[in-house]
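Okay, final_7.csv now, which holds CSV, C-alpha atoms:
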```csv
chain,number,residue,atom,x,y,z
A,14,MET,CA,70.2,152.0,87.5
A,15,SER,CA,67.6,149.3,87.1
A,16,ARG,CA,66.0,147.6,90.1
A,17,LYS,CA,67.3,144.2,88.8
A,18,LEU,CA,70.8,145.5,88.7
A,19,ILE,CA,70.5,147.1,92.1
A,20,ALA,CA,69.2,143.8,93.5
A,21,ALA,CA,72.1,141.9,91.8
A,22,PHE,CA,74.6,144.2,93.4
A,23,ALA,CA,72.9,143.9,96.8
A,24,THR,CA,73.0,140.1,96.5
A,25,VAL,CA,76.8,140.1,95.7
A,26,ALA,CA,77.4,142.6,98.5
A,27,ALA,CA,75.5,140.5,100.9
A,28,PHE,CA,77.4,137.4,99.9
A,29,ALA,CA,80.7,139.2,100.2
A,30,ALA,CA,79.8,140.5,103.7
A,31,THR,CA,78.7,137.0,104.8
A,32,ALA,CA,81.8,135.3,103.4
A,33,ALA,CA,84.1,137.9,104.9
A,34,GLY,CA,82.6,137.6,108.3
A,35,ALA,CA,82.0,133.9,108.3
A,36,GLU,CA,83.7,131.6,110.8
A,37,VAL,CA,85.8,128.7,109.5
A,38,THR,CA,85.4,125.5,111.4
A,39,ILE,CA,88.1,122.9,111.7
A,40,GLY,CA,87.6,119.5,113.4
A,41,VAL,CA,90.7,118.1,115.1
A,42,SER,CA,91.0,114.5,116.4
A,43,LEU,CA,94.1,113.6,118.4
A,44,GLY,CA,95.1,110.8,120.7
A,45,SER,CA,95.9,112.9,123.8
A,46,THR,CA,95.3,109.9,126.0
A,47,GLY,CA,96.1,106.2,125.4
A,48,PRO,CA,99.4,104.7,124.1
A,49,GLY,CA,99.9,107.5,121.6
A,50,SER,CA,99.5,110.3,124.1
A,51,SER,CA,103.3,111.2,124.2
A,52,LEU,CA,102.7,112.4,120.6
A,53,GLY,CA,99.1,113.5,120.8
A,54,ILE,CA,99.7,116.0,123.7
A,55,PRO,CA,102.3,118.0,121.8
A,56,TYR,CA,100.1,118.1,118.7
A,57,LYS,CA,97.3,119.5,120.9
A,58,ASN,CA,99.6,121.9,122.7
A,59,ALA,CA,100.4,123.7,119.4
A,60,PHE,CA,96.8,124.9,119.0
A,61,GLN,CA,97.3,127.1,122.1
A,62,LEU,CA,99.9,129.1,120.1
A,63,LEU,CA,98.0,129.5,116.9
A,64,PRO,CA,96.2,132.6,115.7
A,65,LYS,CA,92.4,132.8,116.2
A,66,THR,CA,92.0,133.4,112.5
A,67,LEU,CA,92.6,131.6,109.2
A,68,GLY,CA,93.2,133.8,106.2
A,69,GLY,CA,92.1,136.7,108.3
A,70,GLU,CA,88.7,135.1,109.1
A,71,PRO,CA,87.7,133.9,112.6
A,72,VAL,CA,88.3,130.1,113.1
A,73,LYS,CA,86.9,127.6,115.5
A,74,TYR,CA,88.9,124.5,116.3
A,75,ILE,CA,86.9,121.6,117.7
A,76,ILE,CA,89.5,119.4,119.3
A,77,LEU,CA,88.5,115.9,120.4
A,78,ASP,CA,90.4,113.1,122.1
A,79,ASP,CA,90.3,109.8,120.2
A,80,GLU,CA,92.2,108.0,122.9
A,81,SER,CA,94.7,106.7,120.3
A,82,LYS,CA,92.0,104.3,119.0
A,83,PRO,CA,91.1,104.2,115.2
A,84,ASP,CA,87.4,103.5,115.9
A,85,ASN,CA,87.2,106.6,118.0
A,86,ALA,CA,89.0,108.7,115.4
A,87,ALA,CA,86.4,107.5,112.8
A,88,LYS,CA,83.6,108.4,115.2
A,89,ASN,CA,85.1,111.8,115.8
A,90,ALA,CA,85.4,112.4,112.1
A,91,ARG,CA,81.8,111.5,111.5
A,92,LYS,CA,80.7,113.8,114.2
A,93,PHE,CA,82.7,116.6,112.6
A,94,VAL,CA,81.1,116.3,109.2
A,95,THR,CA,77.5,115.4,110.2
A,96,GLU,CA,77.0,117.5,113.3
A,97,ASP,CA,79.6,120.2,113.4
A,98,LYS,CA,79.6,120.8,109.6
A,99,VAL,CA,83.3,121.4,109.6
A,100,ASP,CA,85.1,122.9,106.6
A,101,ALA,CA,88.2,120.7,107.1
A,102,MET,CA,89.5,118.0,109.4
A,103,MET,CA,93.0,117.5,111.0
A,104,GLY,CA,94.4,114.4,112.7
A,105,SER,CA,95.4,112.1,114.1
A,106,ASN,CA,98.7,111.3,115.7
A,107,GLY,CA,98.6,107.5,114.9
A,108,VAL,CA,98.7,106.1,111.4
A,109,PRO,CA,95.7,103.7,111.9
A,110,SER,CA,93.6,106.6,113.4
A,111,ALA,CA,94.6,108.9,110.6
A,112,VAL,CA,93.6,106.3,108.0
A,113,ALA,CA,90.2,105.9,109.6
A,114,MET,CA,89.6,109.6,109.4
A,115,ILE,CA,90.8,109.8,105.8
A,116,GLN,CA,88.1,107.3,104.8
A,117,VAL,CA,85.4,109.5,106.3
A,118,ALA,CA,86.9,112.6,104.6
A,119,ALA,CA,86.7,110.9,101.2
A,120,GLU,CA,83.1,109.7,101.9
A,121,TYR,CA,81.9,113.2,102.9
A,122,LYS,CA,84.1,115.1,100.5
A,123,THR,CA,85.8,117.1,103.2
A,124,PRO,CA,89.4,118.3,103.1
A,125,MET,CA,91.6,116.4,105.5
A,126,ILE,CA,95.0,117.4,106.8
A,127,ALA,CA,96.8,114.2,107.9
A,128,LEU,CA,99.1,114.9,110.8
A,129,THR,CA,101.0,111.6,110.4
A,130,PRO,CA,102.6,109.9,107.4
A,131,VAL,CA,100.1,107.5,105.8
A,132,PRO,CA,100.2,104.5,103.4
A,133,PRO,CA,99.9,105.1,99.6
A,134,LEU,CA,96.3,106.4,99.0
A,135,THR,CA,93.8,105.4,96.4
A,136,PRO,CA,92.8,108.3,94.0
A,137,ASP,CA,89.5,109.0,95.8
A,138,ARG,CA,91.3,109.4,99.2
A,139,LEU,CA,94.3,111.3,97.7
A,140,HIS,CA,91.8,113.7,96.2
A,141,TRP,CA,90.7,115.0,99.7
A,142,THR,CA,93.7,114.3,101.9
A,143,PHE,CA,96.9,116.4,102.3
A,144,VAL,CA,99.7,115.0,104.4
A,145,VAL,CA,101.8,117.4,106.5
A,146,PRO,CA,104.7,115.1,107.9
A,147,GLN,CA,107.5,114.1,105.7
A,148,PRO,CA,106.9,110.9,103.7
A,149,THR,CA,108.5,107.9,105.4
A,150,GLU,CA,110.6,107.0,102.4
A,151,LEU,CA,112.0,110.6,102.3
A,152,MET,CA,113.0,110.4,105.9
A,153,MET,CA,114.4,106.9,105.8
A,154,SER,CA,116.5,107.7,102.8
A,155,ALA,CA,118.5,110.0,105.1
A,156,VAL,CA,119.0,107.0,107.4
A,157,VAL,CA,120.0,104.8,104.4
A,158,GLY,CA,122.5,107.3,103.2
A,159,HIS,CA,124.1,107.3,106.6
A,160,LEU,CA,124.1,103.5,106.7
A,161,LYS,CA,125.8,103.4,103.3
A,162,ASP,CA,128.5,105.9,104.4
A,163,ARG,CA,129.3,103.8,107.4
A,164,GLY,CA,129.4,100.6,105.3
A,165,ALA,CA,126.6,98.7,107.1
A,166,LYS,CA,125.9,95.4,105.3
A,167,THR,CA,123.2,93.9,107.6
A,168,VAL,CA,120.3,95.6,109.3
A,169,GLY,CA,118.1,94.2,112.0
A,170,TYR,CA,114.5,95.6,112.0
A,171,ILE,CA,112.0,95.8,114.9
A,172,GLY,CA,108.8,97.9,114.7
A,173,PHE,CA,105.2,98.3,115.7
A,174,SER,CA,102.9,95.5,114.6
A,175,ASP,CA,100.6,98.0,112.8
A,176,THR,CA,100.6,100.3,109.8
A,177,TRP,CA,103.4,102.5,111.2
A,178,GLY,CA,105.7,99.5,111.6
A,179,ASP,CA,104.8,98.5,108.0
A,180,LEU,CA,105.5,102.0,106.6
A,181,VAL,CA,109.0,102.2,108.1
A,182,TYR,CA,109.8,98.6,107.2
A,183,ASN,CA,108.6,99.0,103.6
A,184,ALA,CA,110.5,102.2,103.2
A,185,LEU,CA,113.7,100.6,104.5
A,186,GLN,CA,113.1,97.5,102.3
A,187,SER,CA,112.6,99.6,99.1
A,188,LEU,CA,115.8,101.6,99.8
A,189,ALA,CA,118.0,98.6,100.8
A,190,PRO,CA,119.3,97.9,97.2
A,191,SER,CA,120.6,101.5,96.9
A,192,GLY,CA,122.0,101.3,100.4
A,193,GLY,CA,123.9,98.1,99.8
A,194,PHE,CA,122.6,96.2,102.8
A,195,LYS,CA,120.4,93.3,103.6
A,196,ILE,CA,117.5,93.3,106.2
A,197,VAL,CA,118.0,90.2,108.4
A,198,THR,CA,115.1,90.5,110.8
A,199,ASN,CA,111.6,91.8,110.8
A,200,GLU,CA,110.5,91.7,114.4
A,201,ARG,CA,107.2,93.3,115.6
A,202,TYR,CA,105.7,94.4,118.9
A,203,ALA,CA,102.4,96.1,119.9
A,204,ARG,CA,102.3,99.7,121.0
A,205,ALA,CA,101.1,98.8,124.5
A,206,ASP,CA,103.7,96.1,125.0
A,207,THR,CA,106.1,96.4,128.0
A,208,SER,CA,108.6,93.8,126.9
A,209,VAL,CA,110.4,92.9,123.7
A,210,THR,CA,112.9,90.4,125.1
A,211,GLY,CA,111.9,87.6,122.7
A,212,GLN,CA,112.2,89.8,119.7
A,213,VAL,CA,115.5,91.3,120.8
A,214,LEU,CA,117.0,87.9,121.4
A,215,LYS,CA,116.3,87.0,117.8
A,216,ILE,CA,117.9,90.2,116.6
A,217,MET,CA,121.0,89.4,118.8
A,218,ALA,CA,121.2,86.0,117.3
A,219,ALA,CA,121.2,87.5,113.8
A,220,ASN,CA,124.0,89.8,114.8
A,221,PRO,CA,123.3,92.7,112.4
A,222,ASP,CA,125.7,95.6,111.9
A,223,VAL,CA,123.0,98.1,112.9
A,224,VAL,CA,119.3,98.0,114.1
A,225,VAL,CA,116.5,100.2,112.8
A,226,VAL,CA,113.4,100.7,115.0
A,227,GLY,CA,110.0,101.3,113.5
A,228,GLY,CA,108.2,102.6,116.6
A,229,SER,CA,107.1,106.0,117.7
A,230,GLY,CA,106.9,108.2,120.8
A,231,THR,CA,107.9,106.6,124.1
A,232,GLY,CA,107.1,103.1,122.6
A,233,GLY,CA,110.0,103.6,120.3
A,234,ALA,CA,112.4,103.5,123.2
A,235,LEU,CA,111.5,100.0,124.3
A,236,PRO,CA,113.6,98.1,121.8
A,237,GLN,CA,116.6,100.3,122.3
A,238,ILE,CA,116.5,99.8,126.0
A,239,ALA,CA,116.3,96.1,125.6
A,240,LEU,CA,119.0,95.9,123.0
A,241,ARG,CA,121.5,97.8,125.3
A,242,GLU,CA,120.5,95.7,128.3
A,243,LYS,CA,121.3,92.6,126.3
A,244,GLY,CA,124.7,94.0,125.3
A,245,TYR,CA,124.1,95.0,121.7
A,246,LYS,CA,126.9,97.4,120.7
A,247,GLY,CA,125.9,98.5,117.2
A,248,ALA,CA,124.3,101.7,116.2
A,249,ILE,CA,120.5,102.0,116.6
A,250,TYR,CA,118.5,104.1,114.2
A,251,HIS,CA,114.9,105.3,114.6
A,252,ASN,CA,112.5,107.4,112.5
A,253,HIS,CA,110.8,110.8,112.8
A,254,GLY,CA,108.1,109.3,115.0
A,255,THR,CA,110.4,109.2,118.0
A,256,VAL,CA,112.0,112.6,118.1
A,257,ASN,CA,110.6,114.2,121.3
A,258,LEU,CA,111.7,114.7,124.9
A,259,ALA,CA,109.5,111.9,126.2
A,260,PHE,CA,111.5,109.4,124.2
A,261,ILE,CA,114.7,110.5,126.0
A,262,LYS,CA,113.1,110.7,129.4
A,263,VAL,CA,111.8,107.1,129.1
A,264,GLY,CA,115.0,105.7,127.6
A,265,GLY,CA,117.5,107.5,129.8
A,266,LYS,CA,121.1,106.6,129.2
A,267,ALA,CA,120.1,103.6,127.1
A,268,VAL,CA,119.0,106.0,124.2
A,269,GLU,CA,122.3,108.0,124.2
A,270,GLY,CA,123.6,107.9,120.6
A,271,ALA,CA,120.1,107.0,119.1
A,272,ILE,CA,120.0,108.4,115.5
A,273,ALA,CA,116.9,109.6,113.8
A,274,PRO,CA,115.7,111.8,110.9
A,275,THR,CA,113.5,114.7,111.8
A,276,GLY,CA,112.3,118.1,110.7
A,277,ALA,CA,114.8,120.9,111.2
A,278,LEU,CA,112.8,122.7,113.9
A,279,ILE,CA,114.2,120.3,116.5
A,280,VAL,CA,117.7,121.8,116.1
A,281,ALA,CA,116.7,125.2,114.8
A,282,GLU,CA,119.5,127.0,116.5
A,283,GLU,CA,122.1,124.7,114.9
A,284,LEU,CA,120.8,125.2,111.3
A,285,PRO,CA,122.9,127.2,108.8
A,286,ALA,CA,121.8,130.9,108.6
A,287,LYS,CA,120.3,130.5,105.1
A,288,PHE,CA,118.3,127.3,105.9
A,289,PRO,CA,114.8,128.1,104.4
A,290,THR,CA,112.8,127.2,107.6
A,291,LYS,CA,115.2,128.6,110.2
A,292,THR,CA,113.3,131.8,110.9
A,293,VAL,CA,109.9,130.1,111.2
A,294,SER,CA,111.3,127.2,113.2
A,295,LEU,CA,113.2,129.5,115.7
A,296,ASP,CA,110.1,131.6,116.3
A,297,PHE,CA,107.9,128.5,116.9
A,298,VAL,CA,110.4,126.8,119.2
A,299,LYS,CA,110.8,130.0,121.2
A,300,ARG,CA,107.0,130.4,121.7
A,301,TYR,CA,106.5,126.7,122.4
A,302,GLU,CA,109.2,126.4,125.0
A,303,SER,CA,108.2,129.7,126.7
A,304,THR,CA,104.8,128.2,127.2
A,305,PHE,CA,105.6,124.5,127.9
A,306,GLY,CA,109.1,124.7,129.3
A,307,ALA,CA,112.7,124.6,128.3
A,308,GLY,CA,113.5,121.5,126.2
A,309,SER,CA,109.9,120.7,125.4
A,310,ARG,CA,110.3,121.3,121.7
A,311,ASN,CA,109.2,118.4,119.5
A,312,ALA,CA,108.5,117.6,115.9
A,313,PHE,CA,104.8,116.8,116.4
A,314,ALA,CA,103.7,120.3,117.6
A,315,GLY,CA,105.3,121.6,114.4
A,316,TYR,CA,103.2,119.4,112.3
A,317,SER,CA,100.0,121.0,113.7
A,318,TYR,CA,101.6,124.4,113.0
A,319,ASP,CA,102.4,123.5,109.4
A,320,GLY,CA,98.9,122.0,108.8
A,321,VAL,CA,97.4,125.3,110.0
A,322,ALA,CA,99.8,127.3,107.8
A,323,LEU,CA,98.6,125.4,104.8
A,324,LEU,CA,95.0,126.1,105.7
A,325,ASP,CA,95.8,129.8,106.4
A,326,ALA,CA,97.1,130.1,102.8
A,327,ALA,CA,94.2,128.2,101.3
A,328,VAL,CA,91.2,129.8,103.1
A,329,PRO,CA,91.5,133.3,101.4
A,330,VAL,CA,91.5,131.6,98.0
A,331,ALA,CA,88.5,129.5,98.8
A,332,LEU,CA,86.6,132.5,100.2
A,333,LYS,CA,86.6,134.1,96.7
A,334,LYS,CA,84.4,131.3,95.5
A,335,ALA,CA,82.1,130.3,98.4
A,336,LYS,CA,81.4,130.8,102.1
A,337,PRO,CA,82.3,128.5,105.0
A,338,GLY,CA,79.9,125.8,105.9
A,339,THR,CA,79.0,124.9,102.3
A,340,ALA,CA,80.0,122.1,100.0
A,341,GLU,CA,81.2,124.7,97.5
A,342,PHE,CA,83.6,126.1,100.1
A,343,ARG,CA,85.0,122.7,101.0
A,344,ASP,CA,85.6,121.9,97.3
A,345,ALA,CA,87.3,125.3,96.8
A,346,LEU,CA,89.4,124.8,99.9
A,347,ARG,CA,90.5,121.4,98.6
A,348,ALA,CA,91.5,122.9,95.3
A,349,ALA,CA,93.4,125.8,97.0
A,350,LEU,CA,95.3,123.3,99.2
A,351,GLU,CA,96.2,121.3,96.1
A,352,ASN,CA,97.7,124.4,94.5
A,353,ALA,CA,99.5,125.8,97.6
A,354,LYS,CA,103.1,126.8,96.7
A,355,ASN,CA,106.2,127.8,98.7
A,356,ILE,CA,104.5,127.6,102.1
A,357,ILE,CA,107.3,127.8,104.7
A,358,GLY,CA,106.5,125.8,107.7
A,359,THR,CA,108.5,124.6,110.7
A,360,HIS,CA,109.4,121.3,108.9
A,361,GLY,CA,110.0,122.4,105.4
A,362,VAL,CA,108.8,124.2,102.3
A,363,TYR,CA,105.5,122.9,101.0
A,364,ASN,CA,104.7,122.8,97.2
A,365,MET,CA,101.5,120.9,96.6
A,366,SER,CA,100.2,119.5,93.2
A,367,ALA,CA,97.5,117.2,91.9
A,368,SER,CA,99.9,114.3,92.1
A,369,ASN,CA,101.8,115.3,95.3
A,370,HIS,CA,99.6,116.1,98.4
A,371,ASN,CA,102.7,116.4,100.6
A,372,GLY,CA,105.0,118.7,98.7
A,373,LEU,CA,108.1,118.4,100.9
A,374,ASP,CA,111.6,117.7,99.6
A,375,GLU,CA,115.1,117.1,101.1
A,376,ARG,CA,114.9,120.6,102.8
A,377,GLY,CA,112.4,119.0,105.2
A,378,ARG,CA,114.8,116.6,107.0
A,379,VAL,CA,118.0,116.4,109.0
A,380,LEU,CA,119.7,113.7,110.9
A,381,VAL,CA,119.9,114.1,114.7
A,382,ASP,CA,121.2,112.0,117.5
A,383,VAL,CA,120.9,112.0,121.3
A,384,GLN,CA,123.9,113.6,123.0
A,385,SER,CA,123.9,114.2,126.7
A,386,GLY,CA,120.2,113.8,126.9
A,387,GLN,CA,119.3,116.1,124.0
A,388,TRP,CA,118.5,115.8,120.4
A,389,ARG,CA,121.4,117.4,118.5
A,390,LEU,CA,122.1,118.0,114.8
A,391,MET,CA,124.5,115.4,113.4
A,392,LYS,CA,127.6,117.0,111.9
```
Would you mind writing the file out in structure tokens?
Amino acid sequence: MSRKLIAAFATVAAFAATAAGAEVTIGVSLGSTGPGSSLGIPYKNAFQLLPKTLGGEPVKYIILDDESKPDNAAKNARKFVTEDKVDAMMGSNGVPSAVAMIQVAAEYKTPMIALTPVPPLTPDRLHWTFVVPQPTELMMSAVVGHLKDRGAKTVGYIGFSDTWGDLVYNALQSLAPSGGFKIVTNERYARADTSVTGQVLKIMAANPDVVVVGGSGTGGALPQIALREKGYKGAIYHNHGTVNLAFIKVGGKAVEGAIAPTGALIVAEELPAKFPTKTVSLDFVKRYESTFGAGSRNAFAGYSYDGVALLDAAVPVALKKAKPGTAEFRDALRAALENAKNIIGTHGVYNMSASNHNGLDERGRVLVDVQSGQWRLMK
């Protein structure tokens, strides 16, 4: 065997050994403090339950608190790509913060796992970003179907005065013609507000058949509490951003009967035996509640789990082409994520494509309501 051929084999072997033993680095920015903390903390908790490997290789998660502030999320993202040389990023738990990170991901050509629904993305941003939670329109279509079944003709809307409030409102508005109803109010409030009396009085004056709330976390309970205090008797619907125990603890009896779409892991035990995510969801719920207490299950920790499941499937594919810490690996990881198929998570079955960087369908949602202080599957 020639010396050149021996050298070539040695180079390939060295690369394979380096790639096989290389550590994958993931930067995670979450609002574990600030107004979004009731969501950020569960997102963060999930990382305590995850394996210490991705695709069989060691993984290092660098988890930073962005205090629920978009500027901080952007700063964290820049630190990840310029100082930590991460292979991918994950975050955040607020839409404005996630959008800020997505911009950095596109600028530095780094794969991004968005942990919250995001507005429609431009082609350059879509290229690098993959969204784990169900699209807002997919989730709100479940609400609209229920509204249609109950014959609602007028809908009052109140939501956050930011991107999330816009996302929920726009989804509701686009689905209104098929639902056969008219939206009669579009009231807004800030995430940190402690009163929505003025907005609720306007909704009461419009006297809608039902009300839809475009808030999230504990902040989503505020309109429902105020509406019930003012004597509103109609049904009140929410979105998948409110489905956790903190919402119920804050709202108390006022949120009894609240209806929302969510991923199936919230009601894993109540799912049909053949539901595609039941096994994964049950396992995750059992481990989460054994660590963080009975009743602590929530949709948000599941999004962290599902994001990591996608990375776990993509990393081995990317390792065949490059080693972590390189631009070539990041590009290969992006391509692998884009071609991920039939990845079963806690929320649904993910099938990505070049035109669909979410990949969930109707199997990723159910309707739940609050019954005796618990989220239960609506029958």
Review point. From the set A:Pro136, A:Pro148, A:Pro55, A:Gly44, which residue has the shortest atom-to-atom contact distance to A:Ser309, counting only C-alpha atoms?
Key: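 Distance minimum relative to A:Ser309 lands on A:Pro55.
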Counting only C-alpha atoms, which residues sit no farther than 12 Å from the position (89.0, 123.3, 98.7) in the file's frame? I'd like them as a compact mmCIF listing (two decimals) with C-alpha atoms, in the coordinates of the input.
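part21.txt, freshly written:
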```txt
# COMPACT_ATOMS: atom_id res chain seq x y z
CA ASP A 100 85.10 122.90 106.60
CA ALA A 101 88.20 120.70 107.10
CA MET A 102 89.50 118.00 109.40
CA LYS A 122 84.10 115.10 100.50
CA THR A 123 85.80 117.10 103.20
CA PRO A 124 89.40 118.30 103.10
CA MET A 125 91.60 116.40 105.50
CA ILE A 126 95.00 117.40 106.80
CA HIS A 140 91.80 113.70 96.20
CA TRP A 141 90.70 115.00 99.70
CA THR A 142 93.70 114.30 101.90
CA PHE A 143 96.90 116.40 102.30
CA LEU A 323 98.60 125.40 104.80
CA LEU A 324 95.00 126.10 105.70
CA ALA A 326 97.10 130.10 102.80
CA ALA A 327 94.20 128.20 101.30
CA VAL A 328 91.20 129.80 103.10
CA PRO A 329 91.50 133.30 101.40
CA VAL A 330 91.50 131.60 98.00
CA ALA A 331 88.50 129.50 98.80
CA LEU A 332 86.60 132.50 100.20
CA LYS A 333 86.60 134.10 96.70
CA LYS A 334 84.40 131.30 95.50
CA ALA A 335 82.10 130.30 98.40
CA LYS A 336 81.40 130.80 102.10
CA PRO A 337 82.30 128.50 105.00
CA GLY A 338 79.90 125.80 105.90
CA THR A 339 79.00 124.90 102.30
CA ALA A 340 80.00 122.10 100.00
CA GLU A 341 81.20 124.70 97.50
CA PHE A 342 83.60 126.10 100.10
CA ARG A 343 85.00 122.70 101.00
CA ASP A 344 85.60 121.90 97.30
CA ALA A 345 87.30 125.30 96.80
CA LEU A 346 89.40 124.80 99.90
CA ARG A 347 90.50 121.40 98.60
CA ALA A 348 91.50 122.90 95.30
CA ALA A 349 93.40 125.80 97.00
CA LEU A 350 95.30 123.30 99.20
CA GLU A 351 96.20 121.30 96.10
CA ASN A 352 97.70 124.40 94.50
CA ALA A 353 99.50 125.80 97.60
```
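For the pair atom CA of A:Val181 and atom CA of A:Gln212, the separation is 17.3 Å.
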Point to revise | Near-A:Tyr74 list (7 Å; all atoms listed in the file; drop same-chain fewer than 3 positions) as a PyMOL selection string | key: chain A and resi 38-41
Review point. Restricting the calculation to all atoms listed in the file, which member of A:Val379, A:Met153, A:Leu278, A:Ile75 is positioned closest to A:Tyr250?
Key: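 When distances to A:Tyr250 are compared using all atoms listed in the file, the smallest one comes from A:Met153.
We find atom CA of A:Met103 and atom CA of A:Arg138 to be spaced 14.4 Å apart.
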**Study point:** Counting only C-alpha atoms, the option among A:Ala86, A:Ile272, A:Ile196, A:Ala312 closest to A:Ser51
**Key:**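 That would be A:Ala312, the residue with the smallest distance to A:Ser51.
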Practice item. Measure the distance from atom CA of A:Ile356 to atom CA of A:Gly69 in Å and round it to one decimal. Key: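 So the answer is 16.6 Å.
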Check your understanding: Pick from A:Pro48, A:Pro132, A:Asn371, A:His159: nearest to A:Asp206, with all atoms listed in the file counted?
Key ->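 Smallest distance to A:Asp206 is found for A:Pro48.
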Exercise for review: Would you kindly return, as a PyMOL selection string, each protein, DNA or RNA residue with an atom no farther than 12 Å from any atom of A:Lys392, considering all atoms listed in the file and excluding same-chain residues fewer than 3 positions away?
Suggested key: chain A and resi 159+280+283-285+379-382+389
Practice item. Give me the residues within 7 Å of A:Phe194 as a list in words, counting all atoms listed in the file and dropping any in the same chain fewer than 5 places off. Key: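 Within the cut-off, the hits are Ala165, Lys166, Thr167, Val168 and Ala189 of chain A.
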Exercise for review: Write out as number ranges by chain the residues lying within 10 Å of A:Tyr121, counting only C-alpha atoms and excluding same-chain residues fewer than 6 positions away.
Suggested key: A: 90-91, 94-95, 115, 141, 340
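The shell of residues at most 6 Å from stretch 265-270 of chain A, with only C-alpha atoms counted and near chain neighbours (fewer than 3 positions) removed, consists of Ile238, Ile261, Lys262, Asp382, Val383 and Gln384 of chain A.
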Practice item. Up to 10 Å from (108.0, 124.9, 109.4) in the file's coordinates: name the residues, counting all atoms listed in the file, as a ChimeraX atom specification. Key: /A:276-278,289-297,312,315-320,322,356-363,377
Check your understanding: Using only C-alpha atoms, which of the listed residues (A:Ser50, A:Thr135, A:Ser42, A:Ser303) sits closest to A:Asn89?
Key -> A:Ser42
Review point. When distances are computed from all atoms listed in the file, which of A:Asn220, A:Gly227, A:Val197, A:Val145 shows the smallest separation from A:Ser174?
Key: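 Among the listed residues, the smallest separation from A:Ser174 belongs to A:Gly227.
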